[in-house]
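File shown: model_6.cif. Contents: mmCIF, C-alpha atoms.
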```
data_data
loop_
_atom_site.label_atom_id
_atom_site.label_comp_id
_atom_site.auth_asym_id
_atom_site.auth_seq_id
_atom_site.Cartn_x
_atom_site.Cartn_y
_atom_site.Cartn_z
CA MET X 1 168.91 162.89 118.56
CA THR X 2 166.63 164.97 120.76
CA LEU X 3 168.10 166.33 123.97
CA PRO X 4 166.55 165.11 127.21
CA THR X 5 164.53 167.77 129.01
CA PHE X 6 163.81 168.13 132.72
CA ASP X 7 160.08 167.51 132.24
CA SER X 8 160.48 164.52 129.92
CA LEU X 9 162.86 162.59 132.21
CA LYS X 10 161.59 160.28 134.95
CA ILE X 11 163.36 158.71 137.92
CA GLY X 12 164.83 155.43 136.71
CA ASP X 13 165.31 156.56 133.09
CA GLU X 14 168.55 155.16 131.69
CA ILE X 15 171.32 156.98 129.87
CA PRO X 16 172.26 155.37 126.51
CA ALA X 17 175.04 152.96 127.54
CA LEU X 18 178.54 152.83 126.09
CA THR X 19 180.72 149.71 125.74
CA THR X 20 184.36 149.96 124.67
CA PRO X 21 186.47 147.40 122.83
CA PRO X 22 188.68 145.24 125.11
CA VAL X 23 191.34 147.46 126.74
CA SER X 24 194.67 146.88 124.98
CA ARG X 25 198.25 147.75 125.92
CA HIS X 26 198.15 150.15 122.98
CA ALA X 27 195.10 151.94 124.44
CA LEU X 28 196.95 152.35 127.75
CA ALA X 29 200.06 153.67 125.98
CA LEU X 30 197.91 156.25 124.17
CA TYR X 31 196.18 157.29 127.40
CA CYS X 32 199.54 157.47 129.23
CA GLY X 33 200.85 159.94 126.67
CA ALA X 34 197.65 161.92 126.16
CA SER X 35 196.66 162.24 129.81
CA GLY X 36 200.12 162.95 131.20
CA ASP X 37 199.65 160.19 133.79
CA HIS X 38 203.02 158.53 133.24
CA ASN X 39 202.81 156.13 136.17
CA PRO X 40 204.67 153.08 134.76
CA ILE X 41 202.29 150.69 136.52
CA HIS X 42 199.95 151.20 133.53
CA VAL X 43 202.40 150.53 130.70
CA ASP X 44 205.56 148.79 131.97
CA LEU X 45 205.07 145.09 132.73
CA ASP X 46 208.38 144.81 134.62
CA TYR X 47 207.42 147.72 136.85
CA ALA X 48 203.92 146.34 137.44
CA ARG X 49 205.38 142.97 138.50
CA SER X 50 207.89 144.63 140.82
CA SER X 51 204.90 146.39 142.42
CA GLY X 52 203.23 143.06 143.17
CA LEU X 53 200.81 142.91 140.22
CA ASP X 54 200.58 140.13 137.62
CA ASP X 55 200.28 142.58 134.74
CA VAL X 56 199.81 146.27 133.99
CA ILE X 57 196.43 147.72 134.99
CA ALA X 58 194.36 150.32 133.18
CA HIS X 59 194.23 153.91 134.41
CA GLY X 60 191.09 154.40 136.49
CA MET X 61 190.76 157.79 134.85
CA LEU X 62 190.53 156.16 131.41
CA SER X 63 187.24 154.58 132.45
CA ALA X 64 186.17 157.85 134.09
CA GLY X 65 186.89 159.43 130.71
CA TYR X 66 184.55 156.91 129.10
CA LEU X 67 181.86 157.84 131.65
CA GLY X 68 182.38 161.51 130.77
CA ARG X 69 182.08 160.63 127.08
CA MET X 70 178.78 158.82 127.73
CA LEU X 71 177.40 161.82 129.64
CA ALA X 72 178.55 164.42 127.10
CA ASN X 73 177.02 162.33 124.33
CA TRP X 74 173.66 162.43 126.14
CA VAL X 75 173.52 166.09 127.24
CA PRO X 76 175.61 169.12 126.22
CA GLN X 77 178.85 169.00 128.22
CA SER X 78 178.13 172.53 129.50
CA ALA X 79 175.08 171.13 131.33
CA ILE X 80 177.25 168.91 133.57
CA ARG X 81 177.66 170.64 136.95
CA SER X 82 179.67 167.95 138.73
CA MET X 83 180.90 164.39 138.35
CA ASN X 84 182.23 162.29 141.23
CA ASN X 85 184.16 159.08 140.52
CA ARG X 86 185.03 156.44 143.12
CA PHE X 87 187.38 153.73 141.89
CA THR X 88 186.37 150.35 143.31
CA ALA X 89 188.31 147.73 141.34
CA MET X 90 191.07 147.42 138.77
CA THR X 91 190.52 147.18 135.02
CA HIS X 92 192.78 144.59 133.38
CA ILE X 93 194.12 144.09 129.85
CA GLY X 94 191.43 142.51 127.69
CA ASP X 95 188.51 143.83 129.74
CA SER X 96 185.85 145.73 127.86
CA VAL X 97 184.38 148.64 129.84
CA THR X 98 180.62 149.16 129.94
CA CYS X 99 179.33 152.52 131.14
CA THR X 100 175.74 152.85 132.32
CA GLY X 101 173.71 155.40 134.23
CA LYS X 102 170.22 156.27 135.38
CA VAL X 103 168.30 159.22 136.74
CA VAL X 104 167.87 159.01 140.53
CA LYS X 105 166.67 162.49 141.52
CA LYS X 106 165.05 165.58 140.02
CA PHE X 107 165.28 168.82 141.97
CA LYS X 108 165.50 172.61 141.69
CA GLU X 109 168.18 174.84 143.11
CA GLY X 110 167.98 178.60 142.58
CA ASN X 111 166.82 179.04 138.98
CA GLU X 112 168.22 175.72 137.79
CA LYS X 113 166.38 172.50 137.08
CA LEU X 114 168.75 169.71 138.01
CA ILE X 115 168.92 165.94 137.83
CA ARG X 116 171.21 163.58 139.69
CA VAL X 117 172.35 160.50 137.81
CA GLU X 118 174.08 157.42 139.21
CA LEU X 119 176.77 156.04 136.94
CA GLN X 120 178.80 152.84 136.82
CA ALA X 121 181.71 151.49 134.86
CA ASN X 122 181.89 147.70 134.79
CA THR X 123 184.21 145.14 133.29
CA PRO X 124 182.93 141.59 132.72
CA LYS X 125 184.39 140.70 136.16
CA ALA X 126 183.92 143.71 138.39
CA GLN X 127 182.36 147.08 139.04
CA THR X 128 185.30 149.43 138.58
CA ILE X 129 183.80 152.89 139.15
CA ILE X 130 180.79 154.07 141.09
CA ALA X 131 180.01 157.61 140.05
CA GLU X 132 177.36 160.28 140.15
CA ALA X 133 176.79 163.48 138.28
CA VAL X 134 174.54 166.52 138.57
CA ILE X 135 173.22 167.92 135.30
CA ALA X 136 171.25 171.12 134.60
CA LEU X 137 168.45 170.78 132.05
CA GLU X 138 166.01 173.09 130.29
CA MET Q 1 203.62 156.32 157.06
CA ILE Q 2 202.93 159.73 155.59
CA ASP Q 3 203.58 162.59 158.01
CA LYS Q 4 200.44 164.58 158.82
CA LYS Q 5 202.52 167.77 158.75
CA HIS Q 6 201.65 167.86 155.03
CA ILE Q 7 197.98 168.67 155.80
CA GLY Q 8 197.41 172.22 154.57
CA TYR Q 9 200.40 172.16 152.23
CA GLU Q 10 199.78 174.42 149.22
CA PHE Q 11 201.68 173.74 146.03
CA HIS Q 12 203.04 176.70 144.09
CA PRO Q 13 200.39 177.67 141.47
CA VAL Q 14 201.38 176.61 137.95
CA THR Q 15 199.90 177.99 134.71
CA VAL Q 16 199.36 175.40 131.98
CA PRO Q 17 198.52 176.24 128.34
CA VAL Q 18 195.73 174.12 126.85
CA GLU Q 19 197.09 172.92 123.51
CA GLU Q 20 194.94 171.90 120.58
CA GLY Q 21 197.12 168.92 119.65
CA ARG Q 22 196.92 167.63 123.21
CA LEU Q 23 193.12 167.75 123.14
CA ARG Q 24 193.01 165.88 119.82
CA PHE Q 25 195.39 163.24 121.20
CA LEU Q 26 193.23 162.92 124.28
CA ALA Q 27 190.06 162.57 122.20
CA LYS Q 28 191.75 159.71 120.34
CA ALA Q 29 192.78 158.03 123.62
CA LEU Q 30 189.19 158.29 124.92
CA GLY Q 31 187.61 157.11 121.66
CA GLU Q 32 185.87 160.49 121.33
CA THR Q 33 185.15 161.24 117.67
CA ARG Q 34 182.66 164.11 117.83
CA LYS Q 35 183.92 167.15 115.99
CA ILE Q 36 183.76 169.74 118.81
CA TYR Q 37 186.54 167.66 120.43
CA THR Q 38 188.60 167.01 117.28
CA ASP Q 39 188.02 169.69 114.61
CA THR Q 40 188.68 173.36 115.38
CA ASP Q 41 186.53 174.64 112.51
CA ALA Q 42 183.58 172.57 113.75
CA ALA Q 43 184.13 173.85 117.32
CA ASN Q 44 184.21 177.45 116.02
CA ALA Q 45 181.04 176.81 114.00
CA ALA Q 46 179.41 175.59 117.23
CA GLY Q 47 180.24 178.95 118.83
CA MET Q 48 183.33 177.76 120.73
CA PRO Q 49 186.64 179.66 120.62
CA GLY Q 50 188.59 176.37 120.21
CA LEU Q 51 188.36 172.63 120.73
CA LEU Q 52 186.37 171.73 123.84
CA ALA Q 53 188.29 169.94 126.62
CA PRO Q 54 186.44 166.80 127.80
CA PRO Q 55 184.94 166.49 131.31
CA THR Q 56 187.93 164.71 132.87
CA PHE Q 57 190.50 167.19 131.47
CA PRO Q 58 191.05 169.10 134.76
CA PHE Q 59 192.66 165.91 136.09
CA MET Q 60 195.25 166.15 133.30
CA LEU Q 61 195.98 169.79 134.10
CA GLU Q 62 196.45 168.66 137.69
CA ILE Q 63 199.20 166.21 136.74
CA ASP Q 64 200.71 168.61 134.18
CA ALA Q 65 201.07 171.17 136.94
CA LEU Q 66 202.45 168.70 139.45
CA ASP Q 67 204.17 165.51 138.29
CA LEU Q 68 202.92 162.49 140.20
CA VAL Q 69 206.51 161.47 141.01
CA ASP Q 70 207.19 164.85 142.65
CA PHE Q 71 203.89 164.66 144.55
CA VAL Q 72 204.65 161.18 145.86
CA GLU Q 73 208.23 162.13 146.78
CA LEU Q 74 207.02 165.14 148.77
CA LEU Q 75 205.01 162.67 150.84
CA GLY Q 76 208.02 160.37 151.21
CA GLU Q 77 206.25 157.58 149.34
CA LYS Q 78 206.76 155.43 146.26
CA LEU Q 79 204.66 155.60 143.09
CA GLY Q 80 204.10 151.82 143.05
CA LYS Q 81 202.13 152.10 146.33
CA LEU Q 82 199.71 154.69 144.97
CA LEU Q 83 196.13 153.90 143.93
CA HIS Q 84 193.57 156.41 142.75
CA GLY Q 85 190.66 156.39 145.20
CA GLU Q 86 188.39 159.17 143.99
CA GLU Q 87 188.43 161.98 141.46
CA ASN Q 88 185.56 164.41 141.88
CA PHE Q 89 184.92 167.33 139.55
CA VAL Q 90 182.90 170.53 139.93
CA TYR Q 91 182.39 172.50 136.71
CA HIS Q 92 181.86 176.27 136.52
CA ALA Q 93 182.73 177.06 132.88
CA PRO Q 94 184.16 175.26 129.82
CA ILE Q 95 187.88 174.88 129.07
CA TYR Q 96 188.96 175.38 125.44
CA ALA Q 97 192.14 175.00 123.42
CA GLY Q 98 194.06 178.25 123.70
CA ASP Q 99 193.14 178.81 127.35
CA LYS Q 100 195.82 179.23 130.00
CA ILE Q 101 194.74 177.56 133.21
CA THR Q 102 196.34 178.24 136.57
CA VAL Q 103 196.27 175.19 138.82
CA CYS Q 104 196.17 175.79 142.60
CA LYS Q 105 196.42 172.56 144.60
CA LYS Q 106 196.32 172.04 148.35
CA ILE Q 107 196.51 168.94 150.55
CA THR Q 108 193.40 169.15 152.73
CA ASP Q 109 193.58 165.92 154.77
CA ILE Q 110 195.55 162.75 155.47
CA ILE Q 111 193.51 159.89 156.92
CA ASP Q 112 194.72 156.53 158.28
CA LYS Q 113 192.58 153.49 157.43
CA LYS Q 114 192.74 149.87 158.53
CA GLY Q 115 195.28 150.59 161.28
CA GLY Q 116 197.53 152.52 158.94
CA THR Q 117 197.86 149.80 156.27
CA LEU Q 118 196.09 152.28 154.00
CA GLN Q 119 196.44 156.06 154.03
CA PHE Q 120 194.23 158.49 152.14
CA VAL Q 121 195.71 161.81 151.03
CA ILE Q 122 192.96 164.25 150.06
CA SER Q 123 193.59 167.30 147.89
CA HIS Q 124 191.50 170.17 146.58
CA THR Q 125 192.47 171.96 143.37
CA ASP Q 126 191.11 175.15 141.81
CA PHE Q 127 191.47 175.78 138.06
CA ILE Q 128 191.43 179.44 137.04
CA ASN Q 129 191.53 180.63 133.42
CA GLN Q 130 193.39 183.58 131.85
CA ARG Q 131 190.44 185.92 132.62
CA GLY Q 132 190.55 185.08 136.33
CA LYS Q 133 187.41 182.91 136.12
CA LYS Q 134 187.36 179.72 138.18
CA VAL Q 135 186.42 177.09 135.59
CA ALA Q 136 186.61 173.88 137.65
CA GLU Q 137 187.52 172.31 140.97
CA THR Q 138 188.66 168.79 141.78
CA HIS Q 139 188.67 166.81 145.02
CA THR Q 140 191.11 163.92 144.76
CA ASN Q 141 191.62 160.95 147.08
CA TYR Q 142 195.02 159.30 146.69
CA VAL Q 143 195.29 155.89 148.38
CA PHE Q 144 198.67 154.61 149.57
CA ARG Q 145 199.13 150.90 150.39
CA HIS Q 146 201.59 150.22 153.22
#
```
Write out the structure in this file as structure tokens.
Amino acid sequence: MTLPTFDSLKIGDEIPALTTPPVSRHALALYCGASGDHNPIHVDLDYARSSGLDDVIAHGMLSAGYLGRMLANWVPQSAIRSMNNRFTAMTHIGDSVTCTGKVVKKFKEGNEKLIRVELQANTPKAQTIIAEAVIALE
Amino acid sequence: MIDKKHIGYEFHPVTVPVEEGRLRFLAKALGETRKIYTDTDAANAAGMPGLLAPPTFPFMLEIDALDLVDFVELLGEKLGKLLHGEENFVYHAPIYAGDKITVCKKITDIIDKKGGTLQFVISHTDFINQRGKKVAETHTNYVFRH
């Protein structure tokens, strides 16, 4: 795979998308342990119901992690200058998560050539994260 | 309602070791299979001193340093009312297995929305490695439903 360069990229170019398998309770248990986010609303059905939900919900940061994976698979992780994630809807058990992104701006700051990308995580029912990242390229 | 006296509150800095096993476990949870995230020899061969921590890892250091339950209790709230609004990262340098990262977190604002039925608690966190280099920053928006 050739790395994208500042000159080769155009506004509107898309990042290779990433789609996960349907989110399972097992995936949430793994993320609970690995991330340290032990909020029981993600893994304990009784707790989720007592909090007014029908079922456990996925960690928003799990999908943000998938967005990060998509980005770091496209450019070296060290090129990522910032990534902002806004959580807009819940991800439920059985939802697959599709991560997409596209180039929206090319600019220079100091000695760096930078691009801004708009990112989204979507389940089949909802847009769950609106995100953006700034990436430095050669 | 969360008391606005907490605006400006600085949590005691906590130093967290970045463990290799933790990063491998996290790679598994994120479905990340590339070797710089899972195989120390491959990371070393790529010129890295240890496994590379993925882009969202500062968030995990943030909760390692300050348990969510303790954070919510400080605010006089319950965990079941908490939603994650935003998690924004600024990156200055990589984080690797073997690093020791000091986490410095501060509550920077508390904002009432929709007549107080929602409250946003905003924090800013600096992550500083064992050489005194700031490696990352996060801006977090915690949403509480009332």
Q | Explicit residues for the PyMOL selection byres ((chain X and resi 117-121) around 8) (as a PyMOL selection string) | A | chain X and resi 63-64+67+97-105+115-116+122-123+127-135
Q.
Could you list, as a count of residues only, every residue within 8 Å of range 98-112 of chain Q, counting only C-alpha atoms and ignoring same-chain residues fewer than 2 positions away?
A. 40
Write out as a PDB file with C-alpha atoms, in the coordinates of the input each polymer residue whose atoms come within 9 Å of Gly36 in chain X, counting only C-alpha atoms; drop sequence neighbours fewer than 4 positions from it.
```
ATOM      1  CA  TYR X  31     196.180 157.290 127.400  1.00  0.00           C
ATOM      2  CA  CYS X  32     199.540 157.470 129.230  1.00  0.00           C
TER       3      CYS X  32
ATOM      4  CA  MET Q  60     195.250 166.150 133.300  1.00  0.00           C
ATOM      5  CA  LEU Q  61     195.980 169.790 134.100  1.00  0.00           C
ATOM      6  CA  ILE Q  63     199.200 166.210 136.740  1.00  0.00           C
ATOM      7  CA  ASP Q  64     200.710 168.610 134.180  1.00  0.00           C
ATOM      8  CA  ASP Q  67     204.170 165.510 138.290  1.00  0.00           C
TER       9      ASP Q  67
END
```
Q: Take the point (184.1, 179.1, 131.3) in the file's coordinates, draw a sphere of radius 9 Å around it, and report as a PyMOL selection string every protein, DNA or RNA residue with an atom inside or on it, counting all atoms listed in the file.
A: chain Q and resi 91-96+129+133-136
Q: Name the residues that the PyMOL selection byres ((chain Q and resi 45-49) around 9) picks from the file above, as number ranges by chain, using the file's chain letters and numbers.
A: Q: 36, 40-44, 50-52, 96-98
Q: Starting from the shown file, work through the PyMOL selection byres ((chain X and resi 28) around 10) and note down what comes out as a list in words.
A: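 Selected by the PyMOL selection byres ((chain X and resi 28) around 10) in this file: Val23, Ser24, Arg25, His26, Ala27, Ala29, Leu30, Tyr31, Cys32, Gly33, Ala34, His42, Val43, Val56, Ile57, Ala58, His59, Leu62 and Ile93 of chain X; Ala29 of chain Q.
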Please produce, as a Markdown table, a per-residue contact table for chain X versus chain Q (criterion: any atom at most 6 Å away, all atoms listed in the file considered), showing the nearest atom pair and its distance in Å to one decimal, sorted by chain then residue number.
```
| residue | atom | partner | partner_atom | distance |
| --- | --- | --- | --- | --- |
| X:Leu30 | CA | Q:Ala29 | CA | 5.5 |
| X:Tyr31 | CA | Q:Ala29 | CA | 5.1 |
| X:Ala34 | CA | Q:Leu26 | CA | 4.9 |
| X:Ser35 | CA | Q:Met60 | CA | 5.4 |
| X:Ser51 | CA | Q:Gly80 | CA | 5.5 |
| X:Gly65 | CA | Q:Thr56 | CA | 5.8 |
| X:Gly68 | CA | Q:Pro55 | CA | 5.6 |
| X:Arg81 | CA | Q:Tyr91 | CA | 5.1 |
| X:Ser82 | CA | Q:Val90 | CA | 4.3 |
| X:Met83 | CA | Q:Phe89 | CA | 5.1 |
| X:Asn84 | CA | Q:Asn88 | CA | 4.0 |
| X:Asn85 | CA | Q:Glu87 | CA | 5.2 |
| X:Arg86 | CA | Q:Glu86 | CA | 4.4 |
| X:Phe87 | CA | Q:Gly85 | CA | 5.4 |
```
Output C-alpha atoms for every residue in the selection just made, as a PDB file, in the coordinates of the input.
```
ATOM      1  CA  LEU X  30     197.910 156.250 124.170  1.00  0.00           C
ATOM      2  CA  TYR X  31     196.180 157.290 127.400  1.00  0.00           C
ATOM      3  CA  ALA X  34     197.650 161.920 126.160  1.00  0.00           C
ATOM      4  CA  SER X  35     196.660 162.240 129.810  1.00  0.00           C
ATOM      5  CA  SER X  51     204.900 146.390 142.420  1.00  0.00           C
ATOM      6  CA  GLY X  65     186.890 159.430 130.710  1.00  0.00           C
ATOM      7  CA  GLY X  68     182.380 161.510 130.770  1.00  0.00           C
ATOM      8  CA  ARG X  81     177.660 170.640 136.950  1.00  0.00           C
ATOM      9  CA  SER X  82     179.670 167.950 138.730  1.00  0.00           C
ATOM     10  CA  MET X  83     180.900 164.390 138.350  1.00  0.00           C
ATOM     11  CA  ASN X  84     182.230 162.290 141.230  1.00  0.00           C
ATOM     12  CA  ASN X  85     184.160 159.080 140.520  1.00  0.00           C
ATOM     13  CA  ARG X  86     185.030 156.440 143.120  1.00  0.00           C
ATOM     14  CA  PHE X  87     187.380 153.730 141.890  1.00  0.00           C
TER      15      PHE X  87
END
```
Q. What is the CA of Pro21 in chain X to CA of Gly94 in chain X distance in Å?
A. 8.5 Å
Q) Could you pull the residues within 8 Å of Thr5 in chain X, counting all atoms listed in the file, minus those fewer than 2 positions along the same chain, as a list in words? A)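 These residues fall inside the cut-off: Leu3, Asp7, Ser8, Leu9, Leu137 and Glu138 of chain X.
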Since the input lacks some atoms of range 102-132 of chain Q, please model N, CA and C atoms and print them as a CSV table (one decimal), in the frame of the given file.
```csv
chain,number,residue,atom,x,y,z
Q,102,THR,N,195.5,178.3,135.4
Q,102,THR,CA,196.3,178.2,136.6
Q,102,THR,C,195.8,177.2,137.6
Q,103,VAL,N,196.7,176.3,138.0
Q,103,VAL,CA,196.3,175.2,138.8
Q,103,VAL,C,196.8,175.5,140.2
Q,104,CYS,N,195.8,175.5,141.2
Q,104,CYS,CA,196.2,175.8,142.6
Q,104,CYS,C,195.7,174.6,143.4
Q,105,LYS,N,196.7,173.8,143.9
Q,105,LYS,CA,196.4,172.6,144.6
Q,105,LYS,C,196.9,172.6,146.0
Q,106,LYS,N,196.0,172.0,146.9
Q,106,LYS,CA,196.3,172.0,148.4
Q,106,LYS,C,196.0,170.7,148.9
Q,107,ILE,N,196.8,170.2,149.8
Q,107,ILE,CA,196.5,168.9,150.6
Q,107,ILE,C,195.6,169.3,151.7
Q,108,THR,N,194.4,168.7,151.7
Q,108,THR,CA,193.4,169.2,152.7
Q,108,THR,C,193.3,168.2,153.9
Q,109,ASP,N,193.7,166.9,153.7
Q,109,ASP,CA,193.6,165.9,154.8
Q,109,ASP,C,194.5,164.7,154.5
Q,110,ILE,N,194.9,164.0,155.6
Q,110,ILE,CA,195.6,162.8,155.5
Q,110,ILE,C,194.9,161.8,156.5
Q,111,ILE,N,194.3,160.7,156.1
Q,111,ILE,CA,193.5,159.9,156.9
Q,111,ILE,C,194.1,158.5,156.9
Q,112,ASP,N,194.3,157.9,158.1
Q,112,ASP,CA,194.7,156.5,158.3
Q,112,ASP,C,193.5,155.6,158.2
Q,113,LYS,N,193.6,154.5,157.5
Q,113,LYS,CA,192.6,153.5,157.4
Q,113,LYS,C,193.2,152.1,157.7
Q,114,LYS,N,192.3,151.2,158.2
Q,114,LYS,CA,192.7,149.9,158.5
Q,114,LYS,C,194.1,149.8,159.3
Q,115,GLY,N,194.1,150.6,160.4
Q,115,GLY,CA,195.3,150.6,161.3
Q,115,GLY,C,196.5,151.1,160.6
Q,116,GLY,N,196.4,151.9,159.6
Q,116,GLY,CA,197.5,152.5,158.9
Q,116,GLY,C,198.0,151.7,157.8
Q,117,THR,N,197.4,150.6,157.5
Q,117,THR,CA,197.9,149.8,156.3
Q,117,THR,C,197.4,150.5,155.0
Q,118,LEU,N,196.4,151.4,155.1
Q,118,LEU,CA,196.1,152.3,154.0
Q,118,LEU,C,196.1,153.7,154.5
Q,119,GLN,N,196.6,154.6,153.7
Q,119,GLN,CA,196.4,156.1,154.0
Q,119,GLN,C,195.8,156.8,152.9
Q,120,PHE,N,194.9,157.7,153.2
Q,120,PHE,CA,194.2,158.5,152.1
Q,120,PHE,C,194.8,159.9,152.2
Q,121,VAL,N,195.3,160.4,151.1
Q,121,VAL,CA,195.7,161.8,151.0
Q,121,VAL,C,194.7,162.5,150.2
Q,122,ILE,N,194.0,163.5,150.7
Q,122,ILE,CA,193.0,164.2,150.1
Q,122,ILE,C,193.5,165.6,149.6
Q,123,SER,N,193.2,166.0,148.4
Q,123,SER,CA,193.6,167.3,147.9
Q,123,SER,C,192.4,168.0,147.3
Q,124,HIS,N,192.5,169.3,147.3
Q,124,HIS,CA,191.5,170.2,146.6
Q,124,HIS,C,192.3,171.1,145.6
Q,125,THR,N,191.8,171.2,144.4
Q,125,THR,CA,192.5,172.0,143.4
Q,125,THR,C,191.5,172.9,142.7
Q,126,ASP,N,191.9,174.2,142.6
Q,126,ASP,CA,191.1,175.2,141.8
Q,126,ASP,C,191.8,175.4,140.5
Q,127,PHE,N,191.0,175.5,139.4
Q,127,PHE,CA,191.5,175.8,138.1
Q,127,PHE,C,190.9,177.1,137.6
Q,128,ILE,N,191.8,178.1,137.3
Q,128,ILE,CA,191.4,179.4,137.0
Q,128,ILE,C,192.0,179.8,135.7
Q,129,ASN,N,191.1,180.3,134.8
Q,129,ASN,CA,191.5,180.6,133.4
Q,129,ASN,C,192.2,182.0,133.3
Q,130,GLN,N,192.6,182.4,132.1
Q,130,GLN,CA,193.4,183.6,131.8
Q,130,GLN,C,192.6,184.8,132.1
Q,131,ARG,N,191.3,184.7,132.3
Q,131,ARG,CA,190.4,185.9,132.6
Q,131,ARG,C,190.1,186.0,134.1
Q,132,GLY,N,190.8,185.1,134.9
Q,132,GLY,CA,190.6,185.1,136.3
Q,132,GLY,C,189.3,184.3,136.8
```
